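Dropping run36.csv in here (CSV, C-alpha atoms and all ligand atoms):
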```csv
chain,number,residue,atom,x,y,z
U,12,MET,CA,-270.4,171.3,-91.9
U,13,THR,CA,-273.3,169.2,-93.3
U,14,LEU,CA,-277.0,169.4,-92.8
U,15,ARG,CA,-276.7,166.4,-90.6
U,16,GLN,CA,-275.7,168.5,-87.7
U,17,PRO,CA,-278.8,170.2,-86.5
U,18,SER,CA,-277.9,170.8,-83.0
U,19,ILE,CA,-274.8,172.8,-83.6
U,20,LEU,CA,-276.8,175.5,-85.2
U,21,ALA,CA,-279.7,175.5,-82.8
U,22,VAL,CA,-280.2,178.1,-80.2
U,23,MET,CA,-279.2,178.8,-76.6
U,24,SER,CA,-282.0,181.3,-76.2
U,25,ILE,CA,-284.4,183.2,-78.3
U,26,PRO,CA,-282.8,186.5,-79.4
U,27,PRO,CA,-284.5,189.6,-78.0
U,28,ALA,CA,-287.5,190.8,-80.0
U,29,THR,CA,-286.4,193.3,-82.6
U,30,ASN,CA,-288.3,196.0,-84.5
U,31,GLN,CA,-288.6,193.5,-87.3
U,32,ALA,CA,-290.4,191.0,-85.1
U,33,GLN,CA,-293.6,192.1,-86.7
U,34,GLY,CA,-292.5,191.1,-90.2
U,35,PRO,CA,-292.4,187.7,-91.8
U,36,ALA,CA,-290.3,185.0,-90.1
U,37,ILE,CA,-288.5,184.4,-93.4
U,38,HIS,CA,-288.1,186.9,-96.2
U,39,VAL,CA,-286.3,185.9,-99.4
U,40,GLN,CA,-285.8,188.2,-102.4
U,41,GLY,CA,-284.0,187.7,-105.6
U,42,LEU,CA,-281.8,184.9,-104.3
U,43,GLU,CA,-279.3,183.6,-106.8
U,44,LYS,CA,-276.7,180.8,-106.4
U,45,SER,CA,-274.5,179.0,-108.9
U,46,TYR,CA,-272.1,176.2,-108.4
U,47,LYS,CA,-269.5,177.0,-111.1
U,48,GLU,CA,-271.5,177.0,-114.3
U,49,LEU,CA,-274.6,175.4,-112.8
U,50,ARG,CA,-277.2,178.1,-112.1
U,51,VAL,CA,-279.2,176.5,-109.3
U,52,LEU,CA,-281.1,179.5,-108.0
U,53,ARG,CA,-282.0,182.2,-110.5
U,54,GLY,CA,-284.0,184.7,-108.5
U,55,VAL,CA,-286.0,183.0,-105.7
U,56,ASP,CA,-288.6,185.1,-103.8
U,57,PHE,CA,-290.9,184.1,-101.0
U,58,ASP,CA,-292.0,185.1,-97.5
U,59,VAL,CA,-293.0,182.8,-94.6
U,60,ALA,CA,-295.4,184.2,-92.0
U,61,ARG,CA,-294.6,183.7,-88.4
U,62,GLY,CA,-296.0,180.6,-86.8
U,63,SER,CA,-296.9,179.0,-90.2
U,64,ILE,CA,-295.7,175.9,-92.0
U,65,PHE,CA,-294.2,176.6,-95.4
U,66,ALA,CA,-293.4,173.7,-97.8
U,67,LEU,CA,-290.8,174.1,-100.5
U,68,LEU,CA,-291.4,171.5,-103.1
U,69,GLY,CA,-289.2,170.5,-105.9
U,70,SER,CA,-287.7,167.5,-107.7
U,71,ASN,CA,-284.2,166.2,-107.0
U,72,GLY,CA,-281.6,168.8,-107.7
U,73,ALA,CA,-284.1,171.7,-107.8
U,74,GLY,CA,-282.2,173.6,-105.2
U,75,LYS,CA,-284.2,173.1,-102.0
U,76,THR,CA,-281.2,172.2,-99.9
U,77,THR,CA,-279.3,175.1,-101.4
U,78,VAL,CA,-282.1,177.5,-100.2
U,79,VAL,CA,-282.1,176.0,-96.7
U,80,LYS,CA,-278.3,176.2,-96.5
U,81,ILE,CA,-278.3,179.9,-97.5
U,82,LEU,CA,-281.1,180.6,-95.0
U,83,SER,CA,-279.2,178.8,-92.2
U,84,THR,CA,-276.0,180.7,-93.1
U,85,LEU,CA,-274.1,177.6,-94.2
U,86,LEU,CA,-273.7,178.9,-97.7
U,87,LYS,CA,-273.5,182.4,-99.1
U,88,ALA,CA,-275.8,183.6,-101.9
U,89,ASP,CA,-274.4,185.1,-105.0
U,90,ALA,CA,-277.1,187.8,-105.2
U,91,GLY,CA,-280.3,188.7,-103.5
U,92,THR,CA,-281.3,189.1,-99.9
U,93,ALA,CA,-282.7,186.9,-97.2
U,94,SER,CA,-283.6,187.4,-93.6
U,95,VAL,CA,-284.7,185.1,-90.9
U,96,ASN,CA,-286.4,186.3,-87.7
U,97,GLY,CA,-285.7,189.8,-88.9
U,98,PHE,CA,-281.9,189.2,-89.2
U,99,ASP,CA,-280.1,189.4,-92.5
U,100,VAL,CA,-278.3,186.1,-93.3
U,101,ALA,CA,-275.4,187.9,-94.9
U,102,THR,CA,-274.7,190.6,-92.4
U,103,GLN,CA,-276.2,189.2,-89.1
U,104,PRO,CA,-275.3,185.5,-89.4
U,105,ALA,CA,-274.8,185.0,-85.6
U,106,ASP,CA,-278.3,186.3,-84.9
U,107,VAL,CA,-279.8,184.1,-87.6
U,108,ARG,CA,-278.0,181.1,-86.1
U,109,GLU,CA,-279.4,181.9,-82.7
U,110,SER,CA,-282.9,182.0,-84.2
U,111,ILE,CA,-283.0,178.7,-86.0
U,112,SER,CA,-282.5,175.0,-85.8
U,113,LEU,CA,-281.8,172.8,-88.8
U,114,THR,CA,-282.7,169.1,-89.2
U,115,GLY,CA,-281.3,167.4,-92.2
U,116,GLN,CA,-282.4,164.2,-94.0
U,117,PHE,CA,-280.4,161.9,-91.8
U,118,ALA,CA,-280.9,161.8,-88.1
U,119,ALA,CA,-278.0,163.4,-86.3
U,120,VAL,CA,-278.5,161.4,-83.1
U,121,ASP,CA,-275.8,159.6,-81.2
U,122,GLU,CA,-276.4,155.8,-81.6
U,123,ILE,CA,-274.6,154.8,-78.4
U,124,LEU,CA,-276.4,157.1,-76.1
U,125,SER,CA,-280.0,156.6,-75.1
U,126,GLY,CA,-282.7,159.0,-76.4
U,127,ARG,CA,-282.8,160.7,-73.1
U,128,GLU,CA,-279.0,161.1,-72.9
U,129,ASN,CA,-279.0,162.6,-76.4
U,130,LEU,CA,-281.4,165.3,-75.2
U,131,VAL,CA,-279.7,165.9,-71.9
U,132,LEU,CA,-276.4,166.3,-73.8
U,133,VAL,CA,-277.7,168.9,-76.1
U,134,ALA,CA,-279.4,170.8,-73.3
U,135,ARG,CA,-276.1,170.8,-71.4
U,136,LEU,CA,-274.2,172.0,-74.4
U,137,ARG,CA,-276.6,174.9,-74.6
U,138,HIS,CA,-276.0,175.7,-70.9
U,139,LEU,CA,-279.7,175.3,-70.1
U,140,LYS,CA,-281.0,174.9,-66.6
U,141,ASN,CA,-282.6,171.5,-65.7
U,142,PRO,CA,-281.5,169.5,-68.7
U,143,GLY,CA,-283.2,166.4,-67.3
U,144,THR,CA,-286.5,168.1,-67.1
U,145,ILE,CA,-286.1,169.5,-70.6
U,146,ALA,CA,-285.3,166.0,-71.8
U,147,ASP,CA,-288.3,164.4,-70.1
U,148,ASP,CA,-290.7,167.0,-71.4
U,149,LEU,CA,-289.5,166.5,-75.0
U,150,LEU,CA,-289.6,162.7,-74.7
U,151,GLU,CA,-293.2,162.9,-73.6
U,152,ARG,CA,-294.0,165.4,-76.3
U,153,PHE,CA,-292.6,163.1,-79.0
U,154,SER,CA,-294.1,159.9,-77.5
U,155,LEU,CA,-290.7,158.5,-76.7
U,156,THR,CA,-291.0,158.3,-72.9
U,157,GLU,CA,-291.0,154.5,-72.8
U,158,ALA,CA,-288.1,154.3,-75.2
U,159,GLY,CA,-286.2,157.1,-73.5
U,160,ALA,CA,-283.8,154.9,-71.6
U,161,ARG,CA,-282.9,152.7,-74.6
U,162,LYS,CA,-279.9,153.1,-76.8
U,163,VAL,CA,-280.8,155.0,-80.0
U,164,SER,CA,-279.3,152.1,-82.0
U,165,THR,CA,-282.4,150.1,-81.1
U,166,TYR,CA,-284.8,152.8,-82.4
U,167,SER,CA,-286.8,152.6,-85.6
U,168,GLY,CA,-286.4,155.2,-88.3
U,169,GLY,CA,-289.4,157.1,-87.2
U,170,MET,CA,-288.3,157.2,-83.6
U,171,ARG,CA,-284.9,158.5,-84.6
U,172,ARG,CA,-286.4,161.2,-86.7
U,173,ARG,CA,-288.7,162.2,-83.8
U,174,LEU,CA,-285.8,162.3,-81.5
U,175,ASP,CA,-283.8,164.3,-84.0
U,176,ILE,CA,-286.6,166.9,-84.3
U,177,ALA,CA,-286.9,166.9,-80.5
U,178,MET,CA,-283.2,167.7,-80.2
U,179,SER,CA,-283.5,170.6,-82.6
U,180,LEU,CA,-286.2,172.1,-80.4
U,181,ILE,CA,-284.1,172.5,-77.3
U,182,GLY,CA,-283.8,176.2,-76.6
U,183,ASN,CA,-287.1,177.0,-78.4
U,184,PRO,CA,-285.8,178.3,-81.7
U,185,PRO,CA,-288.5,180.5,-83.3
U,186,VAL,CA,-287.7,179.2,-86.8
U,187,ILE,CA,-287.0,175.6,-87.7
U,188,PHE,CA,-285.8,174.1,-91.0
U,189,LEU,CA,-286.6,170.6,-91.8
U,190,ASP,CA,-284.9,169.3,-94.9
U,191,GLU,CA,-286.9,166.3,-96.2
U,192,PRO,CA,-288.1,165.3,-92.7
U,193,THR,CA,-289.8,162.1,-93.7
U,194,THR,CA,-287.7,160.8,-96.6
U,195,GLY,CA,-287.2,157.1,-96.1
U,196,LEU,CA,-289.8,156.6,-93.4
U,197,ASP,CA,-292.7,154.2,-93.6
U,198,PRO,CA,-296.2,155.7,-93.8
U,199,GLN,CA,-296.9,155.3,-90.1
U,200,ALA,CA,-293.6,157.0,-89.0
U,201,ARG,CA,-294.4,159.8,-91.5
U,202,ILE,CA,-297.7,160.4,-89.9
U,203,GLU,CA,-296.0,160.6,-86.5
U,204,VAL,CA,-293.5,163.1,-87.7
U,205,TRP,CA,-296.3,165.1,-89.4
U,206,GLN,CA,-298.1,165.2,-86.1
U,207,ALA,CA,-295.0,166.5,-84.3
U,208,VAL,CA,-294.5,169.2,-87.0
U,209,LYS,CA,-298.1,170.3,-86.7
U,210,GLU,CA,-297.8,170.6,-82.9
U,211,LEU,CA,-294.7,172.8,-83.4
U,212,ALA,CA,-296.5,175.2,-85.6
U,213,GLU,CA,-299.5,175.3,-83.2
U,214,GLY,CA,-297.0,176.3,-80.5
U,215,GLY,CA,-296.0,179.3,-82.6
U,216,THR,CA,-292.8,178.0,-84.2
U,217,THR,CA,-292.3,178.8,-87.9
U,218,VAL,CA,-291.5,175.8,-89.9
U,219,LEU,CA,-289.9,175.7,-93.4
U,220,LEU,CA,-289.8,172.2,-94.7
U,221,THR,CA,-288.6,170.8,-98.0
U,222,THR,CA,-290.1,167.8,-99.5
U,223,GLN,CA,-290.5,165.9,-102.7
U,224,TYR,CA,-293.8,164.5,-101.5
U,225,LEU,CA,-296.9,166.3,-102.6
U,226,ASP,CA,-299.0,164.6,-99.9
U,227,GLU,CA,-296.6,165.8,-97.2
U,228,ALA,CA,-297.1,169.4,-98.3
U,229,GLU,CA,-300.8,168.8,-98.5
U,230,GLN,CA,-301.0,167.4,-95.0
U,231,LEU,CA,-298.8,170.0,-93.3
U,232,ALA,CA,-298.3,173.2,-95.1
U,233,ASP,CA,-300.2,176.5,-94.8
U,234,ARG,CA,-298.5,177.6,-98.0
U,235,ILE,CA,-296.7,175.6,-100.6
U,236,ALA,CA,-294.1,176.9,-103.1
U,237,ILE,CA,-292.7,174.9,-106.0
U,238,LEU,CA,-289.1,175.5,-106.9
U,239,HIS,CA,-288.4,174.7,-110.5
U,240,GLU,CA,-285.5,175.7,-112.8
U,241,GLY,CA,-284.2,178.1,-110.3
U,242,ARG,CA,-287.4,180.0,-109.5
U,243,ILE,CA,-290.5,179.7,-107.4
U,244,ILE,CA,-293.1,179.0,-110.1
U,245,VAL,CA,-296.1,178.7,-107.8
U,246,ASN,CA,-296.7,179.9,-104.2
U,247,GLY,CA,-300.0,179.7,-102.5
U,248,THR,CA,-302.3,177.8,-100.2
U,249,LEU,CA,-303.3,174.3,-101.1
U,250,ALA,CA,-306.8,175.5,-102.1
U,251,LYS,CA,-305.2,178.1,-104.4
U,252,LEU,CA,-302.9,175.6,-105.9
U,253,LYS,CA,-305.7,173.2,-106.6
U,254,GLN,CA,-307.5,176.1,-108.4
U,255,LEU,CA,-304.7,176.1,-110.9
U,256,LEU,CA,-306.0,172.9,-112.3
U,257,PRO,CA,-309.3,172.6,-114.3
U,258,PRO,CA,-312.3,172.2,-112.0
U,259,ALA,CA,-312.9,168.7,-110.8
U,260,LYS,CA,-315.4,166.7,-112.8
U,261,VAL,CA,-317.9,164.4,-111.1
U,262,GLU,CA,-317.4,160.9,-112.1
U,263,TYR,CA,-318.4,157.6,-110.7
U,264,VAL,CA,-315.5,155.4,-110.2
U,265,GLU,CA,-314.9,152.4,-108.0
U,266,LYS,CA,-312.3,153.7,-105.6
U,267,GLN,CA,-309.6,151.2,-104.9
U,268,PRO,CA,-307.8,151.7,-101.6
U,269,THR,CA,-304.3,153.0,-102.0
U,270,LEU,CA,-301.4,150.9,-100.9
U,271,GLU,CA,-301.0,153.4,-98.1
U,272,ASP,CA,-304.6,152.9,-97.0
U,273,VAL,CA,-304.0,149.1,-96.9
U,274,PHE,CA,-300.8,149.5,-95.1
U,275,LEU,CA,-302.2,151.8,-92.4
U,276,THR,CA,-305.3,149.6,-92.0
U,277,LEU,CA,-303.2,146.6,-91.4
U,278,VAL,CA,-300.6,148.1,-89.1
U,279,GLY,CA,-303.0,150.4,-87.3
U,280,ALA,CA,-302.5,154.2,-87.8
U,281,GLY,CA,-303.2,155.1,-84.3
U,282,GLY,CA,-300.2,153.9,-82.4
U,283,LYS,CA,-297.7,156.7,-81.6
U,284,ASP,CA,-295.9,155.2,-78.7
U,285,GLY,CA,-292.2,154.5,-78.5
U,286,ASP,CA,-293.0,150.8,-78.9
U,287,ALA,CA,-295.5,151.4,-81.7
U,288,ASP,CA,-293.2,149.8,-84.2
U,289,LYS,CA,-292.9,146.7,-82.1
U,290,GLY,CA,-296.6,146.5,-81.6
U,291,SER,CA,-297.4,146.9,-85.2
U,292,HIS,CA,-295.1,144.0,-86.2
U,293,ASP,CA,-297.0,141.8,-83.8
U,294,HIS,CA,-300.3,142.9,-85.3
U,295,LYS,CA,-299.1,142.3,-88.8
U,296,THR,CA,-297.9,138.8,-87.9
U,297,THR,CA,-301.3,138.0,-86.4
U,298,SER,CA,-303.2,139.1,-89.5
U,299,ASN,CA,-300.9,137.3,-91.8
U,300,LYS,CA,-301.6,134.1,-90.0
U,301,LYS,CA,-305.4,134.4,-90.6
U,401,LIG,N1,-271.4,171.9,-103.3
U,401,LIG,C1,-271.9,171.7,-104.6
U,401,LIG,N2,-271.1,171.8,-105.6
U,401,LIG,C2,-271.6,171.6,-106.9
U,401,LIG,N3,-272.9,171.4,-107.2
U,401,LIG,C3,-273.7,171.3,-106.2
U,401,LIG,C4,-273.3,171.5,-104.8
U,401,LIG,N4,-274.4,171.3,-104.0
U,401,LIG,C5,-275.4,171.1,-104.8
U,401,LIG,N5,-275.1,171.1,-106.1
U,401,LIG,C6,-276.0,170.9,-107.2
U,401,LIG,O1,-276.9,171.9,-107.2
U,401,LIG,C7,-278.2,171.4,-107.6
U,401,LIG,C8,-279.2,171.7,-106.5
U,401,LIG,O2,-278.8,170.9,-105.3
U,401,LIG,P1,-279.7,170.8,-104.0
U,401,LIG,O3,-279.0,169.9,-103.1
U,401,LIG,O4,-280.0,172.2,-103.5
U,401,LIG,O5,-281.1,170.2,-104.6
U,401,LIG,P2,-282.3,169.6,-103.8
U,401,LIG,O6,-283.5,170.3,-104.4
U,401,LIG,O7,-282.1,169.7,-102.4
U,401,LIG,O8,-282.3,168.1,-104.3
U,401,LIG,P3,-282.7,166.7,-103.5
U,401,LIG,O9,-284.2,166.7,-103.6
U,401,LIG,O10,-282.0,165.7,-104.3
U,401,LIG,O11,-282.3,166.9,-102.1
U,401,LIG,C9,-278.0,170.0,-107.9
U,401,LIG,O12,-277.8,169.8,-109.3
U,401,LIG,C10,-276.7,169.6,-107.2
U,401,LIG,O13,-276.0,168.6,-107.9
U,402,MG,MG,-281.9,168.3,-100.8
```

Could you spell out this file's structure in structure tokens?
Ligand SMILES: Nc1ncnc2c1ncn2[C@@H]1O[C@H](COP(=O)(O)OP(=O)(O)OP(=O)(O)O)[C@@H](O)[C@H]1O
Ligand SMILES: [Mg+2]
Amino acid sequence: MTLRQPSILAVMSIPPATNQAQGPAIHVQGLEKSYKELRVLRGVDFDVARGSIFALLGSNGAGKTTVVKILSTLLKADAGTASVNGFDVATQPADVRESISLTGQFAAVDEILSGRENLVLVARLRHLKNPGTIADDLLERFSLTEAGARKVSTYSGGMRRRLDIAMSLIGNPPVIFLDEPTTGLDPQARIEVWQAVKELAEGGTTVLLTTQYLDEAEQLADRIAILHEGRIIVNGTLAKLKQLLPPAKVEYVEKQPTLEDVFLTLVGAGGKDGDADKGSHDHKTTSNKK
């Protein structure tokens, strides 16, 4: 099984509250994992508070996906312990799987079906009542109502990603894992996904996301941890992380807009509708003609 199959792992219902429900949503201690000689995780420790967004940062090959795979029971650790929603990943994997959903880097949506049909299908597979209503609610929540009846093959990358995240929410899993949720998306689509993730956490869902983008962690995360050479080398709030650097000096510099500023100004950062991408192209064409 690969990380591209979020729905299979997602829940049918939230497991009953346990005694551990008061503790952190995710608890990781002394986690170790090697692939043959390659020691990827060498003692990883962190906790994620319920209802918070935790960003796991690290360069390519740091072991982020390995951590996510262990936490979602796709992979066994060599040493250490990990629990999700109060359930031990090694001894209570079924309870863990019922508590989570996993969204990988590439959208796991069906191209031939419409966005709405994808959502209805997943709701049916989970034996939920009123799959149509669930689908319509999610389409609205992710600004896909207008695009809902269209085949996913006509969606932009950002729309697919939003649909993918929407699909992983069916059944209200208390914990969601997003492995590089915005890799490959344009700045506007990234902002749309960020907004969706923020709304999730506001609704009480615990989110663990991995990313290589510092600005993504900065935008979203309550806490940020950096995985480097098999261990968490920093773990704290953004403010704490910034304190690790020397205090800012006041300098007068002429601030050039970043490419992202320019891009967002030209295409308009506000649009979040299903047809936003179409609209933005029109806008860009107009400005180019001037
Ligand atoms: N099944 C496997 N067999 C052997 N080596 C593996 C396997 N899976 C991962 N690795 C190696 O383990 C290391 C960590 O991989 P992992 O996918 O966890 O990194 P990552 O931080 O998610 O990287 P990326 O940012 O590129 O997604 C890499 O060197 C990778 O090549
Ligand atoms: Mg990865």

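Of the listed residues (U:Ala232, U:Leu85, U:Ile145, U:Ala200), U:Leu85 comes nearest to ligand LIG 401 (chain U); the distances count all atoms listed in the file.
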
From the options U:Arg61, U:Lys80, U:Arg53, U:Lys87, which residue's atoms come nearest to ligand MG 402 (chain U), counting only C-alpha atoms and all ligand atoms?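 Distance minimum relative to ligand MG 402 (chain U) lands on U:Lys80.
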
Could you list, as number ranges by chain, all protein and nucleic acid residues with an atom at most 7 Å from ligand MG 402 (chain U), counting all atoms listed in the file? U: 71-72, 74-76, 190

Counting all atoms listed in the file, find residues at most 12 Å from (-284.3, 175.5, -98.7) (file frame) and give them as a short mmCIF file (atom, residue, chain, number, x, y, z; two decimals) with C-alpha atoms, in the frame of the given file.
```
data_model
loop_
_atom_site.label_atom_id
_atom_site.label_comp_id
_atom_site.auth_asym_id
_atom_site.auth_seq_id
_atom_site.Cartn_x
_atom_site.Cartn_y
_atom_site.Cartn_z
CA LEU U 14 -277.00 169.40 -92.80
CA ILE U 37 -288.50 184.40 -93.40
CA VAL U 39 -286.30 185.90 -99.40
CA LEU U 42 -281.80 184.90 -104.30
CA VAL U 51 -279.20 176.50 -109.30
CA LEU U 52 -281.10 179.50 -108.00
CA VAL U 55 -286.00 183.00 -105.70
CA ASP U 56 -288.60 185.10 -103.80
CA PHE U 57 -290.90 184.10 -101.00
CA PHE U 65 -294.20 176.60 -95.40
CA ALA U 66 -293.40 173.70 -97.80
CA LEU U 67 -290.80 174.10 -100.50
CA LEU U 68 -291.40 171.50 -103.10
CA GLY U 69 -289.20 170.50 -105.90
CA GLY U 72 -281.60 168.80 -107.70
CA ALA U 73 -284.10 171.70 -107.80
CA GLY U 74 -282.20 173.60 -105.20
CA LYS U 75 -284.20 173.10 -102.00
CA THR U 76 -281.20 172.20 -99.90
CA THR U 77 -279.30 175.10 -101.40
CA VAL U 78 -282.10 177.50 -100.20
CA VAL U 79 -282.10 176.00 -96.70
CA LYS U 80 -278.30 176.20 -96.50
CA ILE U 81 -278.30 179.90 -97.50
CA LEU U 82 -281.10 180.60 -95.00
CA SER U 83 -279.20 178.80 -92.20
CA THR U 84 -276.00 180.70 -93.10
CA LEU U 85 -274.10 177.60 -94.20
CA LEU U 86 -273.70 178.90 -97.70
CA ALA U 93 -282.70 186.90 -97.20
CA LEU U 113 -281.80 172.80 -88.80
CA THR U 114 -282.70 169.10 -89.20
CA GLY U 115 -281.30 167.40 -92.20
CA ILE U 187 -287.00 175.60 -87.70
CA PHE U 188 -285.80 174.10 -91.00
CA LEU U 189 -286.60 170.60 -91.80
CA ASP U 190 -284.90 169.30 -94.90
CA GLU U 191 -286.90 166.30 -96.20
CA VAL U 218 -291.50 175.80 -89.90
CA LEU U 219 -289.90 175.70 -93.40
CA LEU U 220 -289.80 172.20 -94.70
CA THR U 221 -288.60 170.80 -98.00
CA THR U 222 -290.10 167.80 -99.50
CA ALA U 236 -294.10 176.90 -103.10
CA ILE U 237 -292.70 174.90 -106.00
CA LEU U 238 -289.10 175.50 -106.90
CA GLY U 241 -284.20 178.10 -110.30
CA ILE U 243 -290.50 179.70 -107.40
#
```

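For the residues U:Val204, U:Leu270, U:Gly54, U:Ile244, ranking by smallest atom-to-atom distance to Gln230 (chain U) using only C-alpha atoms places U:Val204 first.
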
Rank U:Val245, U:Val186, U:Leu255, U:Ala90 by their smallest atom-to-atom distance to Asp106 (chain U), using all atoms listed in the file, and report the top residue only.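 Ranked by minimum distance to Asp106 (chain U), first place goes to U:Val186.
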
Which polymer residues have any atom within 12 Å of an atom of region 147-162 of chain U, counting only C-alpha atoms, with same-chain residues fewer than 5 positions away left out, as a short mmCIF file (atom, residue, chain, number, x, y, z; two decimals) with C-alpha atoms, in the coordinates of the input?
```
data_model
loop_
_atom_site.label_atom_id
_atom_site.label_comp_id
_atom_site.auth_asym_id
_atom_site.auth_seq_id
_atom_site.Cartn_x
_atom_site.Cartn_y
_atom_site.Cartn_z
CA VAL U 120 -278.50 161.40 -83.10
CA ASP U 121 -275.80 159.60 -81.20
CA GLU U 122 -276.40 155.80 -81.60
CA ILE U 123 -274.60 154.80 -78.40
CA LEU U 124 -276.40 157.10 -76.10
CA SER U 125 -280.00 156.60 -75.10
CA GLY U 126 -282.70 159.00 -76.40
CA ARG U 127 -282.80 160.70 -73.10
CA GLU U 128 -279.00 161.10 -72.90
CA ASN U 129 -279.00 162.60 -76.40
CA LEU U 130 -281.40 165.30 -75.20
CA VAL U 131 -279.70 165.90 -71.90
CA ALA U 134 -279.40 170.80 -73.30
CA ASN U 141 -282.60 171.50 -65.70
CA PRO U 142 -281.50 169.50 -68.70
CA SER U 167 -286.80 152.60 -85.60
CA GLY U 169 -289.40 157.10 -87.20
CA MET U 170 -288.30 157.20 -83.60
CA ARG U 171 -284.90 158.50 -84.60
CA ARG U 172 -286.40 161.20 -86.70
CA ARG U 173 -288.70 162.20 -83.80
CA LEU U 174 -285.80 162.30 -81.50
CA ASP U 175 -283.80 164.30 -84.00
CA ILE U 176 -286.60 166.90 -84.30
CA ALA U 177 -286.90 166.90 -80.50
CA MET U 178 -283.20 167.70 -80.20
CA SER U 179 -283.50 170.60 -82.60
CA LEU U 180 -286.20 172.10 -80.40
CA ILE U 181 -284.10 172.50 -77.30
CA GLY U 182 -283.80 176.20 -76.60
CA ASN U 183 -287.10 177.00 -78.40
CA ALA U 200 -293.60 157.00 -89.00
CA GLU U 203 -296.00 160.60 -86.50
CA VAL U 204 -293.50 163.10 -87.70
CA TRP U 205 -296.30 165.10 -89.40
CA GLN U 206 -298.10 165.20 -86.10
CA ALA U 207 -295.00 166.50 -84.30
CA VAL U 208 -294.50 169.20 -87.00
CA LYS U 209 -298.10 170.30 -86.70
CA GLU U 210 -297.80 170.60 -82.90
CA LEU U 211 -294.70 172.80 -83.40
CA GLY U 282 -300.20 153.90 -82.40
CA LYS U 283 -297.70 156.70 -81.60
CA ASP U 284 -295.90 155.20 -78.70
CA GLY U 285 -292.20 154.50 -78.50
CA ASP U 286 -293.00 150.80 -78.90
CA ALA U 287 -295.50 151.40 -81.70
CA ASP U 288 -293.20 149.80 -84.20
CA LYS U 289 -292.90 146.70 -82.10
#
```

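Nearest residue to ligand LIG 401 (chain U), choosing from U:Thr248, U:Gln223, U:Ser110, U:Asn96 and counting all atoms listed in the file: U:Gln223.
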
Using all atoms listed in the file, which of the listed residues (U:Glu213, U:Glu240, U:Asp272, U:Asp226) sits closest to ligand LIG 401 (chain U)?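 Smallest distance to ligand LIG 401 (chain U) is found for U:Glu240.
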
Return region 165-178 of chain U, completed with N, CA and C atoms, as a PDB file, in the frame of the given file.
```pdb
ATOM      1  N   THR U 165    -281.269 151.045 -81.072  1.00  0.00           N
ATOM      2  CA  THR U 165    -282.400 150.100 -81.100  1.00  0.00           C
ATOM      3  C   THR U 165    -283.675 150.794 -81.635  1.00  0.00           C
ATOM      4  N   TYR U 166    -283.611 152.064 -81.980  1.00  0.00           N
ATOM      5  CA  TYR U 166    -284.800 152.800 -82.400  1.00  0.00           C
ATOM      6  C   TYR U 166    -285.136 152.501 -83.872  1.00  0.00           C
ATOM      7  N   SER U 167    -286.411 152.632 -84.187  1.00  0.00           N
ATOM      8  CA  SER U 167    -286.800 152.600 -85.600  1.00  0.00           C
ATOM      9  C   SER U 167    -286.522 153.931 -86.244  1.00  0.00           C
ATOM     10  N   GLY U 168    -286.622 153.968 -87.571  1.00  0.00           N
ATOM     11  CA  GLY U 168    -286.400 155.200 -88.300  1.00  0.00           C
ATOM     12  C   GLY U 168    -287.239 156.352 -87.845  1.00  0.00           C
ATOM     13  N   GLY U 169    -288.515 156.038 -87.618  1.00  0.00           N
ATOM     14  CA  GLY U 169    -289.400 157.100 -87.200  1.00  0.00           C
ATOM     15  C   GLY U 169    -289.098 157.619 -85.810  1.00  0.00           C
ATOM     16  N   MET U 170    -288.684 156.728 -84.927  1.00  0.00           N
ATOM     17  CA  MET U 170    -288.300 157.200 -83.600  1.00  0.00           C
ATOM     18  C   MET U 170    -287.075 158.045 -83.602  1.00  0.00           C
ATOM     19  N   ARG U 171    -286.110 157.661 -84.440  1.00  0.00           N
ATOM     20  CA  ARG U 171    -284.900 158.500 -84.600  1.00  0.00           C
ATOM     21  C   ARG U 171    -285.215 159.872 -85.060  1.00  0.00           C
ATOM     22  N   ARG U 172    -286.090 159.881 -86.064  1.00  0.00           N
ATOM     23  CA  ARG U 172    -286.400 161.200 -86.700  1.00  0.00           C
ATOM     24  C   ARG U 172    -287.157 162.049 -85.645  1.00  0.00           C
ATOM     25  N   ARG U 173    -288.034 161.434 -84.854  1.00  0.00           N
ATOM     26  CA  ARG U 173    -288.700 162.200 -83.800  1.00  0.00           C
ATOM     27  C   ARG U 173    -287.745 162.732 -82.789  1.00  0.00           C
ATOM     28  N   LEU U 174    -286.787 161.876 -82.443  1.00  0.00           N
ATOM     29  CA  LEU U 174    -285.800 162.300 -81.500  1.00  0.00           C
ATOM     30  C   LEU U 174    -284.933 163.448 -82.065  1.00  0.00           C
ATOM     31  N   ASP U 175    -284.607 163.313 -83.332  1.00  0.00           N
ATOM     32  CA  ASP U 175    -283.800 164.300 -84.000  1.00  0.00           C
ATOM     33  C   ASP U 175    -284.541 165.679 -83.988  1.00  0.00           C
ATOM     34  N   ILE U 176    -285.834 165.642 -84.290  1.00  0.00           N
ATOM     35  CA  ILE U 176    -286.600 166.900 -84.300  1.00  0.00           C
ATOM     36  C   ILE U 176    -286.689 167.405 -82.831  1.00  0.00           C
ATOM     37  N   ALA U 177    -286.899 166.504 -81.886  1.00  0.00           N
ATOM     38  CA  ALA U 177    -286.900 166.900 -80.500  1.00  0.00           C
ATOM     39  C   ALA U 177    -285.650 167.627 -80.082  1.00  0.00           C
ATOM     40  N   MET U 178    -284.514 167.067 -80.512  1.00  0.00           N
ATOM     41  CA  MET U 178    -283.200 167.700 -80.200  1.00  0.00           C
ATOM     42  C   MET U 178    -283.092 169.072 -80.758  1.00  0.00           C
TER      43      MET U 178
END
```
